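The file structure02.txt contains compact mmCIF, C-alpha atoms:
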# COMPACT_ATOMS: atom_id res chain seq x y z
CA MET A 256 -116.46 -6.19 -32.63
CA LYS A 257 -118.16 -7.97 -29.76
CA THR A 258 -121.36 -6.04 -30.41
CA PHE A 259 -121.28 -7.11 -33.99
CA ALA A 260 -120.78 -10.75 -33.04
CA LEU A 261 -123.76 -10.52 -30.68
CA MET A 262 -125.84 -8.79 -33.34
CA SER A 263 -124.91 -11.50 -35.79
CA MET A 264 -126.07 -14.13 -33.34
CA LEU A 265 -129.31 -12.32 -32.63
CA GLY A 266 -129.73 -11.81 -36.35
CA SER A 267 -129.39 -15.51 -36.91
CA LEU A 268 -132.00 -16.17 -34.24
CA THR A 269 -134.48 -13.85 -35.89
CA LEU A 270 -133.99 -15.55 -39.22
CA GLY A 271 -136.62 -18.13 -38.46
CA GLY A 272 -134.52 -20.00 -35.92
CA VAL A 273 -131.83 -20.89 -38.44
CA ALA A 274 -128.75 -22.08 -36.60
CA TRP A 275 -125.91 -19.61 -36.49
CA ALA A 276 -123.57 -22.08 -38.12
CA GLU A 277 -125.93 -22.34 -41.07
CA ARG A 278 -126.38 -18.66 -41.71
CA PRO A 279 -125.02 -17.35 -45.00
CA ALA A 280 -121.53 -15.98 -44.94
CA SER A 281 -122.69 -12.85 -46.70
CA PHE A 282 -124.79 -11.81 -43.67
CA GLY A 283 -123.33 -8.66 -42.13
CA ASP A 284 -119.67 -7.74 -42.36
CA PRO A 285 -117.96 -9.98 -44.90
CA ALA A 286 -114.71 -9.64 -42.97
CA LEU A 287 -116.38 -11.50 -40.13
CA SER A 288 -117.94 -14.19 -42.25
CA LEU A 289 -118.65 -17.60 -40.88
CA ASP A 290 -115.70 -19.01 -42.76
CA ALA A 291 -113.38 -16.45 -41.25
CA ILE A 292 -114.61 -17.18 -37.72
CA GLN A 293 -114.43 -20.92 -38.25
CA SER A 294 -110.95 -20.54 -39.65
CA ALA A 295 -109.89 -18.50 -36.61
CA ASP A 296 -111.46 -21.14 -34.36
CA ARG A 297 -109.49 -23.86 -36.06
CA ALA A 298 -106.28 -21.85 -35.86
CA ALA A 299 -106.76 -21.25 -32.13
CA ARG A 300 -107.45 -24.92 -31.45
CA THR A 301 -104.50 -25.99 -33.58
CA GLN A 302 -102.26 -23.79 -31.46
CA VAL A 303 -103.66 -25.23 -28.23
CA LEU A 304 -103.31 -28.82 -29.38
CA ALA A 305 -99.75 -28.17 -30.59
CA ALA A 306 -98.89 -26.74 -27.17
CA LEU A 307 -100.45 -29.77 -25.48
CA VAL A 308 -98.46 -32.16 -27.66
CA GLU A 309 -95.30 -30.24 -26.85
CA GLY A 310 -96.08 -30.37 -23.12
CA ALA A 311 -96.96 -34.06 -23.02
CA THR A 312 -94.40 -35.96 -20.97
CA LEU A 313 -94.08 -39.18 -19.01
CA PRO A 314 -94.68 -38.90 -15.26
CA ALA A 315 -91.50 -39.10 -13.23
CA GLN A 316 -92.87 -41.08 -10.29
CA ALA A 317 -93.04 -44.85 -10.40
CA PRO A 318 -96.45 -46.44 -9.90
CA THR A 319 -97.18 -47.82 -6.45
CA LEU A 320 -100.46 -49.22 -5.24
CA PRO A 321 -101.62 -47.46 -2.12
CA ASP A 322 -102.29 -49.35 1.06
CA GLN A 323 -104.93 -48.38 3.56
CA ALA A 324 -102.88 -49.64 6.51
CA SER A 325 -99.74 -47.76 5.49
CA ASP A 326 -101.90 -44.79 4.63
CA ARG A 327 -103.31 -44.82 8.16
CA ALA A 328 -99.86 -45.34 9.58
CA ARG A 329 -98.63 -42.37 7.61
CA GLU A 330 -101.54 -40.27 8.85
CA VAL A 331 -100.79 -41.27 12.44
CA HIS A 332 -97.12 -40.54 11.88
CA GLN A 333 -97.98 -37.17 10.42
CA THR A 334 -100.29 -36.46 13.34
CA ILE A 335 -97.57 -37.37 15.79
CA ALA A 336 -95.03 -35.39 13.85
CA PHE A 337 -97.45 -32.50 13.73
CA GLY A 338 -98.01 -32.87 17.47
CA GLN A 339 -94.29 -32.90 18.09
CA LYS A 340 -93.88 -29.95 15.83
CA GLY A 341 -96.69 -28.22 17.67
CA ALA A 342 -95.05 -28.95 21.00
CA ALA A 343 -91.74 -27.72 19.66
CA GLN A 344 -93.41 -24.60 18.38
CA ARG A 345 -95.15 -24.06 21.72
CA ALA A 346 -91.83 -24.58 23.53
CA ALA A 347 -90.13 -22.17 21.16
CA HIS A 348 -92.89 -19.61 21.74
CA ALA A 349 -92.64 -20.09 25.49
CA HIS A 350 -88.87 -19.76 25.32
CA ALA A 351 -89.20 -16.63 23.21
CA ASP A 352 -91.74 -15.29 25.71
CA ARG A 353 -89.45 -15.96 28.61
CA ALA A 354 -86.49 -14.44 26.81
CA ALA A 355 -88.53 -11.37 25.90
CA LYS A 356 -89.72 -10.97 29.48
CA ALA A 357 -86.19 -11.41 30.80
CA ALA A 358 -84.89 -8.88 28.31
CA ALA A 359 -87.62 -6.45 29.28
CA LYS A 360 -86.88 -6.97 32.96
CA GLN A 361 -83.17 -6.46 32.33
CA ALA A 362 -83.92 -3.32 30.36
CA ARG A 363 -86.09 -2.02 33.17
CA GLU A 364 -83.41 -2.80 35.71
CA ASP A 365 -80.76 -1.17 33.54
CA ALA A 366 -82.93 1.87 33.15
CA ALA A 367 -83.53 1.98 36.87
CA ASN A 368 -79.82 1.58 37.52
CA ARG A 369 -79.00 4.30 35.07
CA ALA A 370 -81.60 6.53 36.65
CA ALA A 371 -80.32 5.70 40.08
CA ARG A 372 -76.76 6.37 39.03
CA GLY A 373 -77.86 9.59 37.46
CA ALA A 374 -79.71 10.59 40.57
CA ALA A 375 -76.75 9.67 42.72
CA ALA A 376 -74.40 11.62 40.49
CA SER A 377 -76.75 14.53 40.53
CA ALA A 378 -77.07 14.29 44.26
CA SER A 379 -73.35 14.02 44.55
CA ARG A 380 -72.84 17.02 42.33
CA SER A 381 -75.43 18.82 44.31
CA ALA A 382 -73.82 17.76 47.52
CA ASN A 383 -70.44 18.90 46.28
CA ALA A 384 -71.87 22.19 45.26
CA ASP A 385 -73.58 22.45 48.61
CA SER A 386 -70.41 21.57 50.39
CA HIS A 387 -68.47 24.08 48.36
CA ALA A 388 -71.10 26.63 49.05
CA ALA A 389 -71.18 25.68 52.66
CA ALA A 390 -67.42 25.87 52.84
CA GLY A 391 -67.49 29.22 51.15
CA GLN A 392 -70.14 30.47 53.46
CA ALA A 393 -68.17 29.16 56.38
CA ARG A 394 -65.05 30.89 55.14
CA ALA A 395 -67.01 34.04 54.51
CA ALA A 396 -68.51 33.89 57.92
CA GLU A 397 -65.10 33.33 59.39
CA ALA A 398 -63.66 36.20 57.39
CA ARG A 399 -66.50 38.42 58.42
CA ALA A 400 -65.96 37.48 61.99
CA GLN A 401 -62.27 38.18 61.81
CA HIS A 402 -62.78 41.37 59.87
CA GLY A 403 -65.55 42.53 62.10
CA ASN A 404 -63.55 41.88 65.24
CA GLY A 405 -60.46 43.74 63.94
CA ASN A 406 -62.56 46.66 62.84
CA GLY A 407 -64.22 46.75 66.11
CA ASN A 408 -60.85 46.77 67.73
CA GLY A 409 -59.62 49.73 65.73
CA VAL A 410 -57.61 47.60 63.36
CA GLY A 411 -57.86 48.28 59.64
CA HIS A 412 -60.16 50.87 58.28
CA ASN A 413 -61.22 52.39 61.40
CA ASN A 414 -62.91 55.65 60.72
CA GLY A 415 -62.99 56.42 64.33
CA LYS A 416 -66.68 55.60 64.63
CA GLY A 417 -65.83 52.38 66.38
CA GLN A 418 -67.93 50.20 63.93
CA GLY A 419 -66.53 47.43 61.81
CA ASN A 420 -67.26 47.24 58.03
CA GLY A 421 -65.52 44.02 57.00
CA HIS A 422 -66.30 42.18 53.71
CA GLY A 423 -65.60 38.49 53.80
CA ASN A 424 -65.19 36.90 50.32
CA ALA A 425 -65.93 33.29 50.02
CA PRO A 426 -63.52 31.49 47.65
CA MET B 141 -137.90 -21.06 -20.90
CA LYS B 142 -135.56 -23.12 -23.05
CA VAL B 143 -135.52 -20.34 -25.63
CA LEU B 144 -134.51 -17.87 -22.95
CA LEU B 145 -131.74 -20.15 -21.75
CA LEU B 146 -130.51 -20.58 -25.30
CA LEU B 147 -130.64 -16.85 -25.87
CA SER B 148 -128.70 -16.10 -22.70
CA ALA B 149 -126.11 -18.70 -23.64
CA LEU B 150 -125.74 -17.18 -27.08
CA LEU B 151 -125.44 -13.69 -25.62
CA ALA B 152 -122.72 -14.87 -23.25
CA ALA B 153 -120.84 -16.56 -26.07
CA ASP B 154 -118.16 -14.61 -27.84
CA PRO B 155 -116.22 -16.89 -30.15
CA ILE B 156 -113.74 -14.25 -31.25
CA ALA B 157 -112.76 -13.30 -27.69
CA ALA B 158 -112.74 -16.98 -26.72
CA ASP B 159 -110.26 -17.71 -29.50
CA ALA B 160 -107.98 -14.95 -28.26
CA HIS B 161 -107.94 -16.55 -24.80
CA LEU B 162 -107.33 -19.99 -26.25
CA ILE B 163 -104.31 -18.67 -28.16
CA SER B 164 -103.03 -16.89 -25.06
CA GLY B 165 -103.54 -20.10 -23.06
CA ALA B 166 -101.58 -22.05 -25.67
CA GLN B 167 -98.72 -19.58 -25.46
CA HIS B 168 -98.63 -19.87 -21.65
CA PHE B 169 -98.81 -23.64 -21.89
CA ARG B 170 -95.82 -23.68 -24.23
CA ALA B 171 -93.93 -21.45 -21.82
CA GLN B 172 -94.78 -23.94 -19.03
CA ALA B 173 -96.77 -21.23 -17.25
CA TYR B 174 -99.57 -23.67 -16.52
CA ALA B 175 -101.38 -21.59 -13.92
CA GLU B 176 -101.73 -18.73 -16.39
CA ALA B 177 -102.71 -21.15 -19.16
CA LEU B 178 -105.39 -22.57 -16.88
CA VAL B 179 -106.90 -19.12 -16.31
CA GLU B 180 -106.92 -18.35 -20.04
CA PHE B 181 -108.62 -21.64 -20.88
CA GLN B 182 -111.19 -21.07 -18.12
CA VAL B 183 -111.99 -17.63 -19.54
CA ALA B 184 -112.32 -19.11 -23.03
CA GLN B 185 -114.68 -21.72 -21.61
CA LYS B 186 -116.81 -19.03 -19.98
CA LEU B 187 -116.92 -17.17 -23.29
CA GLY B 188 -118.52 -20.17 -24.90
CA ALA B 189 -115.67 -22.42 -26.06
CA GLU B 190 -117.08 -25.65 -24.65
CA ASP B 191 -114.13 -27.73 -25.79
CA ALA B 192 -111.89 -25.51 -23.66
CA GLY B 193 -112.93 -27.72 -20.73
CA TRP B 194 -110.54 -30.35 -22.08
CA TYR B 195 -107.70 -27.84 -22.06
CA VAL B 196 -108.61 -26.70 -18.55
CA ALA B 197 -108.35 -30.32 -17.42
CA SER B 198 -105.01 -30.79 -19.21
CA ALA B 199 -103.57 -27.68 -17.55
CA LEU B 200 -104.68 -29.10 -14.17
CA VAL B 201 -102.74 -32.28 -14.98
CA LYS B 202 -99.62 -30.23 -15.59
CA LEU B 203 -100.26 -28.43 -12.29
CA GLU B 204 -100.40 -31.88 -10.63
CA LYS B 205 -103.96 -31.47 -9.43
CA PRO B 206 -105.24 -34.84 -10.62
CA ALA B 207 -108.48 -34.91 -8.63
CA GLN B 208 -109.58 -31.55 -10.02
CA ALA B 209 -108.40 -32.61 -13.48
CA LEU B 210 -110.48 -35.79 -13.38
CA VAL B 211 -113.60 -33.82 -12.48
CA ALA B 212 -112.84 -31.33 -15.29
CA PHE B 213 -112.31 -34.18 -17.78
CA ALA B 214 -115.66 -35.71 -16.81
CA GLN B 215 -117.38 -32.35 -17.32
CA ALA B 216 -115.61 -31.79 -20.64
CA SER B 217 -116.55 -35.21 -21.98
CA GLU B 218 -120.14 -34.39 -21.11
CA ALA B 219 -120.09 -30.88 -22.57
CA ALA B 220 -118.04 -31.52 -25.71
CA PRO B 221 -117.53 -35.24 -26.28
CA GLU B 222 -116.68 -34.70 -29.93
CA ALA B 223 -113.62 -32.62 -28.99
CA SER B 224 -111.84 -35.56 -27.41
CA ASP B 225 -108.93 -37.18 -29.17
CA ALA B 226 -105.92 -39.37 -28.39
CA LEU B 227 -103.91 -36.45 -27.04
CA LEU B 228 -106.60 -35.40 -24.57
CA GLU B 229 -107.19 -39.02 -23.58
CA TYR B 230 -103.49 -39.29 -22.84
CA TYR B 231 -103.78 -36.31 -20.47
CA ARG B 232 -106.81 -37.94 -18.91
CA GLY B 233 -104.84 -41.15 -18.45
CA LEU B 234 -102.09 -39.10 -16.82
CA ALA B 235 -104.60 -37.66 -14.36
CA CYS B 236 -105.68 -41.18 -13.41
CA TYR B 237 -102.04 -42.21 -13.05
CA GLN B 238 -101.25 -39.22 -10.82
CA GLU B 239 -104.23 -40.12 -8.63
CA ARG B 240 -102.97 -43.73 -8.45
CA LEU B 241 -105.99 -45.00 -10.36
CA TYR B 242 -103.90 -47.35 -12.47
CA VAL B 243 -106.74 -49.44 -13.88
CA CYS B 244 -108.43 -46.21 -14.98
CA ALA B 245 -105.15 -44.94 -16.46
CA ASP B 246 -104.60 -48.11 -18.43
CA ALA B 247 -108.13 -48.01 -19.85
CA MET B 248 -107.68 -44.40 -21.00
CA LEU B 249 -104.29 -45.12 -22.50
CA ALA B 250 -105.54 -48.22 -24.31
CA ALA B 251 -108.30 -46.12 -25.87
CA ALA B 252 -105.80 -43.45 -26.92
CA GLN B 253 -103.23 -45.84 -28.34
CA ALA B 254 -105.23 -46.84 -31.39
CA HIS B 255 -105.50 -43.38 -32.92
CA ALA B 256 -102.57 -41.45 -31.48
CA GLY B 257 -99.92 -39.62 -33.48
CA PRO B 258 -96.30 -40.73 -33.31
CA LYS B 259 -95.24 -38.76 -30.24
CA ILE B 260 -98.32 -39.53 -28.18
CA ALA B 261 -98.31 -43.18 -29.28
CA GLY B 262 -94.78 -43.48 -27.94
CA LEU B 263 -95.73 -41.88 -24.64
CA VAL B 264 -98.83 -44.05 -24.33
CA GLU B 265 -96.83 -47.18 -24.91
CA ALA B 266 -94.13 -46.15 -22.44
CA LEU B 267 -96.64 -45.25 -19.75
CA ARG B 268 -98.60 -48.46 -20.21
CA ARG B 269 -95.37 -50.42 -19.89
CA LYS B 270 -94.50 -48.48 -16.75
CA THR B 271 -97.90 -49.20 -15.21
CA GLN B 272 -97.85 -52.94 -15.94
CA PRO B 273 -96.11 -54.07 -12.73
CA VAL B 274 -98.90 -52.77 -10.50
CA LEU B 275 -101.53 -54.18 -12.83
CA THR B 276 -100.15 -57.69 -12.93
CA VAL B 277 -99.48 -58.38 -9.24
CA GLU B 278 -102.33 -59.43 -7.00
CA PRO B 279 -103.47 -56.29 -5.20
CA THR B 280 -103.23 -56.26 -1.43
CA ARG B 281 -106.29 -56.05 0.77
CA GLY B 282 -104.95 -52.74 2.00
CA ALA B 283 -105.06 -51.34 -1.52
CA ILE B 284 -108.71 -52.28 -1.94
CA ASP B 285 -109.49 -50.87 1.50
CA PHE B 286 -107.78 -47.65 0.46
CA TYR B 287 -109.81 -47.21 -2.75
CA LEU B 288 -113.07 -48.09 -1.01
CA ALA B 289 -112.40 -45.68 1.82
CA ARG B 290 -111.66 -42.94 -0.69
CA ALA B 291 -114.77 -43.76 -2.72
CA GLN B 292 -116.91 -43.51 0.38
CA ALA B 293 -115.24 -40.28 1.49
CA PHE B 294 -115.77 -38.68 -1.93
CA ARG B 295 -119.39 -39.83 -2.03
CA VAL B 296 -120.05 -38.37 1.42
CA GLY B 297 -118.17 -35.25 0.38
CA LYS B 298 -120.51 -34.91 -2.61
CA GLN B 299 -117.83 -35.57 -5.22
CA PRO B 300 -119.60 -38.27 -7.23
CA VAL B 301 -117.17 -38.29 -10.16
CA LEU B 302 -114.24 -39.14 -7.92
CA ALA B 303 -116.37 -41.50 -5.83
CA THR B 304 -117.25 -43.43 -8.98
CA LEU B 305 -113.65 -43.60 -10.18
CA PHE B 306 -112.37 -44.89 -6.84
CA ALA B 307 -115.20 -47.41 -6.53
CA GLN B 308 -114.49 -48.66 -10.06
CA GLU B 309 -110.82 -49.03 -9.18
CA ALA B 310 -111.67 -50.96 -6.00
CA GLN B 311 -114.01 -53.22 -7.93
CA ALA B 312 -111.44 -53.91 -10.67
CA LEU B 313 -108.78 -54.73 -8.11
CA ALA B 314 -111.12 -56.92 -6.05
CA LYS B 315 -111.85 -58.96 -9.16
CA ARG B 316 -108.15 -59.64 -9.55
CA ARG B 317 -107.90 -61.26 -6.13
CA LYS B 318 -108.58 -64.99 -5.77
CA ASP B 319 -110.63 -64.37 -2.66
CA ALA B 320 -112.52 -61.49 -4.35
CA TYR B 321 -111.85 -59.46 -1.25
CA ARG B 322 -114.64 -56.86 -0.72
CA ARG B 323 -115.87 -57.17 -4.28
CA ASP B 324 -119.47 -56.91 -3.13
CA ASP B 325 -118.61 -53.84 -1.07
CA ALA B 326 -117.03 -52.28 -4.14
CA THR B 327 -120.09 -53.05 -6.26
CA SER B 328 -122.39 -51.54 -3.64
CA GLU B 329 -120.18 -48.47 -3.33
CA LEU B 330 -120.18 -48.08 -7.10
CA THR B 331 -123.97 -48.26 -7.19
CA LEU B 332 -124.18 -45.61 -4.49
CA ALA B 333 -121.65 -43.41 -6.26
CA ASN B 334 -123.50 -43.69 -9.55
CA ALA B 335 -126.75 -42.86 -7.84
CA ALA B 336 -125.14 -39.78 -6.34
CA THR B 337 -124.03 -38.61 -9.77
CA VAL B 338 -126.45 -35.92 -10.81
CA PRO B 339 -126.15 -35.02 -14.46
CA SER B 340 -125.13 -31.40 -14.75
CA ARG B 341 -127.18 -31.06 -17.95
CA PRO B 342 -130.77 -32.08 -18.55

Do you think you could lay out the structure here as structure tokens?
Amino acid sequence: MKTFALMSMLGSLTLGGVAWAERPASFGDPALSLDAIQSADRAARTQVLAALVEGATLPAQAPTLPDQASDRAREVHQTIAFGQKGAAQRAAHAHADRAAKAAAKQAREDAANRAARGAAASASRSANADSHAAAGQARAAEARAQHGNGNGNGVGHNNGKGQGNGHGNAP
Amino acid sequence: MKVLLLLSALLAADPIAADAHLISGAQHFRAQAYAEALVEFQVAQKLGAEDAGWYVASALVKLEKPAQALVAFAQASEAAPEASDALLEYYRGLACYQERLYVCADAMLAAAQAHAGPKIAGLVEALRRKTQPVLTVEPTRGAIDFYLARAQAFRVGKQPVLATLFAQEAQALAKRRKDAYRRDDATSELTLANAATVPSRP
């Protein structure tokens, strides 16, 4: 379609410089005659103009002549407002920064505390275990000592060899 | 060279595809989807529909981008002056109104009033009536300072269309003051703005 339109245009140029609008409608595809294209053009423009008429309205705002002085004043006001806004934003950022740092510090401290508590608990458990073990060993040692002494004294399972063979069991 | 330029323009043009985008733009405009309508009209314009520039400008008015709309209207009136009508002049007047160029708005609306259809004629009349209060009081010095400052800023910013419009507004307002406050400044600024206007077409 587009190719044909271009060919039509080129064709019109080669026809001794005759303007495209003046070329005979019978040139090329009759379905795309000049009349048909012009008719389509008109239809398209009619639609656009109808839409523009439909969309035409009165402006809502009342007319006011501008004033350079008030315009400058407004600019200054906006600058100040912008400056205040900027300061507020900077303060907010700073506050957020501080809050974030504080939160991070708190988190680190909490983590450290948790770790410390964990370590302490672990140490405590370890210590308990050690103490239990130590106690057991102590009891075992004591039992061995008592058993050994008795055996040595001919008490218990004395096989007559005069040597003790006691087994102390730690609890 | 001119033949080559003409040839390239003809090769870029595709009236059938342009029409499809115009219709799509109209549908979006009706649905109040002005951003989408703007894109469709811009595509149609690129495909060779020169009058689509007027619709691009009108969509910019609905998007409340009056400065861009005024530039687009100026380009459209240069590219396809024959496409203008009362409806499009009303939109152009609206762009002036939105940009607080009330003298400009009133001039556009006055031009549209004579040949507008019933709906647009009613809107034109209502908007002109609404604008009257600011056009009948003596403008303040601050108002003239404002328009001159804007004109200068747009000229320096290489926006000659807007520079011209603001300088014209300043000049019109200065004439309405008994002391003709800064009228000469406005005239000088207008001359400079006009000089800065480079025609986009040879």

Distance filter 8 Å, only C-alpha atoms, chain B against chain A, as a PyMOL selection string: chain B and resi 150-151+154-157+159-160+162-163+165-167+169-170+172+195+198+227+231+234+237-238+240+242+259-260+263+266-267+270-271+274+279-286

Dump of C-alpha atoms for the selected residues, as a compact mmCIF listing (two decimals), keeping the file's coordinate frame:
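Result file again-v2.txt:
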# COMPACT_ATOMS: atom_id res chain seq x y z
CA LEU B 150 -125.74 -17.18 -27.08
CA LEU B 151 -125.44 -13.69 -25.62
CA ASP B 154 -118.16 -14.61 -27.84
CA PRO B 155 -116.22 -16.89 -30.15
CA ILE B 156 -113.74 -14.25 -31.25
CA ALA B 157 -112.76 -13.30 -27.69
CA ASP B 159 -110.26 -17.71 -29.50
CA ALA B 160 -107.98 -14.95 -28.26
CA LEU B 162 -107.33 -19.99 -26.25
CA ILE B 163 -104.31 -18.67 -28.16
CA GLY B 165 -103.54 -20.10 -23.06
CA ALA B 166 -101.58 -22.05 -25.67
CA GLN B 167 -98.72 -19.58 -25.46
CA PHE B 169 -98.81 -23.64 -21.89
CA ARG B 170 -95.82 -23.68 -24.23
CA GLN B 172 -94.78 -23.94 -19.03
CA TYR B 195 -107.70 -27.84 -22.06
CA SER B 198 -105.01 -30.79 -19.21
CA LEU B 227 -103.91 -36.45 -27.04
CA TYR B 231 -103.78 -36.31 -20.47
CA LEU B 234 -102.09 -39.10 -16.82
CA TYR B 237 -102.04 -42.21 -13.05
CA GLN B 238 -101.25 -39.22 -10.82
CA ARG B 240 -102.97 -43.73 -8.45
CA TYR B 242 -103.90 -47.35 -12.47
CA LYS B 259 -95.24 -38.76 -30.24
CA ILE B 260 -98.32 -39.53 -28.18
CA LEU B 263 -95.73 -41.88 -24.64
CA ALA B 266 -94.13 -46.15 -22.44
CA LEU B 267 -96.64 -45.25 -19.75
CA LYS B 270 -94.50 -48.48 -16.75
CA THR B 271 -97.90 -49.20 -15.21
CA VAL B 274 -98.90 -52.77 -10.50
CA PRO B 279 -103.47 -56.29 -5.20
CA THR B 280 -103.23 -56.26 -1.43
CA ARG B 281 -106.29 -56.05 0.77
CA GLY B 282 -104.95 -52.74 2.00
CA ALA B 283 -105.06 -51.34 -1.52
CA ILE B 284 -108.71 -52.28 -1.94
CA ASP B 285 -109.49 -50.87 1.50
CA PHE B 286 -107.78 -47.65 0.46

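The two atoms in question, CA of Glu309 in chain B and CA of Val243 in chain B, are spaced 6.2 Å apart.
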
With all atoms listed in the file counted and 8 Å as the cut-off, give the residues of range 212-306 of chain B in contact with range 326-332 of chain B, each with its shortest interatomic distance in Å and the pair that gives it, as a Markdown table.
| residue | atom | partner | partner_atom | distance |
| --- | --- | --- | --- | --- |
| B:Leu288 | CA | B:Ala326 | CA | 6.6 |
| B:Ala291 | CA | B:Glu329 | CA | 7.2 |
| B:Gln292 | CA | B:Glu329 | CA | 7.0 |
| B:Arg295 | CA | B:Leu332 | CA | 7.9 |
| B:Ala303 | CA | B:Leu330 | CA | 7.7 |
| B:Thr304 | CA | B:Leu330 | CA | 5.8 |

Print the selection's residues with C-alpha atoms to a file, as an mmCIF file, in the coordinates of the input.
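That gives us part_9.cif:
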data_model
loop_
_atom_site.group_PDB
_atom_site.id
_atom_site.type_symbol
_atom_site.label_atom_id
_atom_site.label_comp_id
_atom_site.auth_asym_id
_atom_site.auth_seq_id
_atom_site.Cartn_x
_atom_site.Cartn_y
_atom_site.Cartn_z
ATOM 1 C CA LEU B 288 -113.070 -48.090 -1.010
ATOM 2 C CA ALA B 291 -114.770 -43.760 -2.720
ATOM 3 C CA GLN B 292 -116.910 -43.510 0.380
ATOM 4 C CA ARG B 295 -119.390 -39.830 -2.030
ATOM 5 C CA ALA B 303 -116.370 -41.500 -5.830
ATOM 6 C CA THR B 304 -117.250 -43.430 -8.980
#

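CA of Gln308 in chain B sits 8.2 Å away from CA of Cys244 in chain B.
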
Shell of 10 Å around Ala212 in chain B, only C-alpha atoms, local chain residues under 2 positions omitted, as a count of residues only: 19

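For the pair CA of Arg268 in chain B and CA of Lys202 in chain B, the separation is 18.8 Å.
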
Produce the centre coordinates and the three edge lengths, each in Å to one decimal, of the box along x, y and z that contains all listed atoms of range 312-324 of chain A with 3 Å added on each side, as AutoDock Vina command-line options.
--center_x -98.2 --center_y -42.8 --center_z -7.2 --size_x 19.4 --size_y 19.7 --size_z 33.5

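Minimum atom-to-atom distances from B:Gln253, B:Ser164, B:Val183, B:Ala336 to Pro300 in chain B were compared using only C-alpha atoms, and the lowest value belongs to B:Ala336.
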
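The shortest atom-to-atom distance to Ala314 in chain B, with only C-alpha atoms taken into account, belongs to B:Glu278 out of B:Glu278, B:Tyr230, B:Ala223, B:Phe294.
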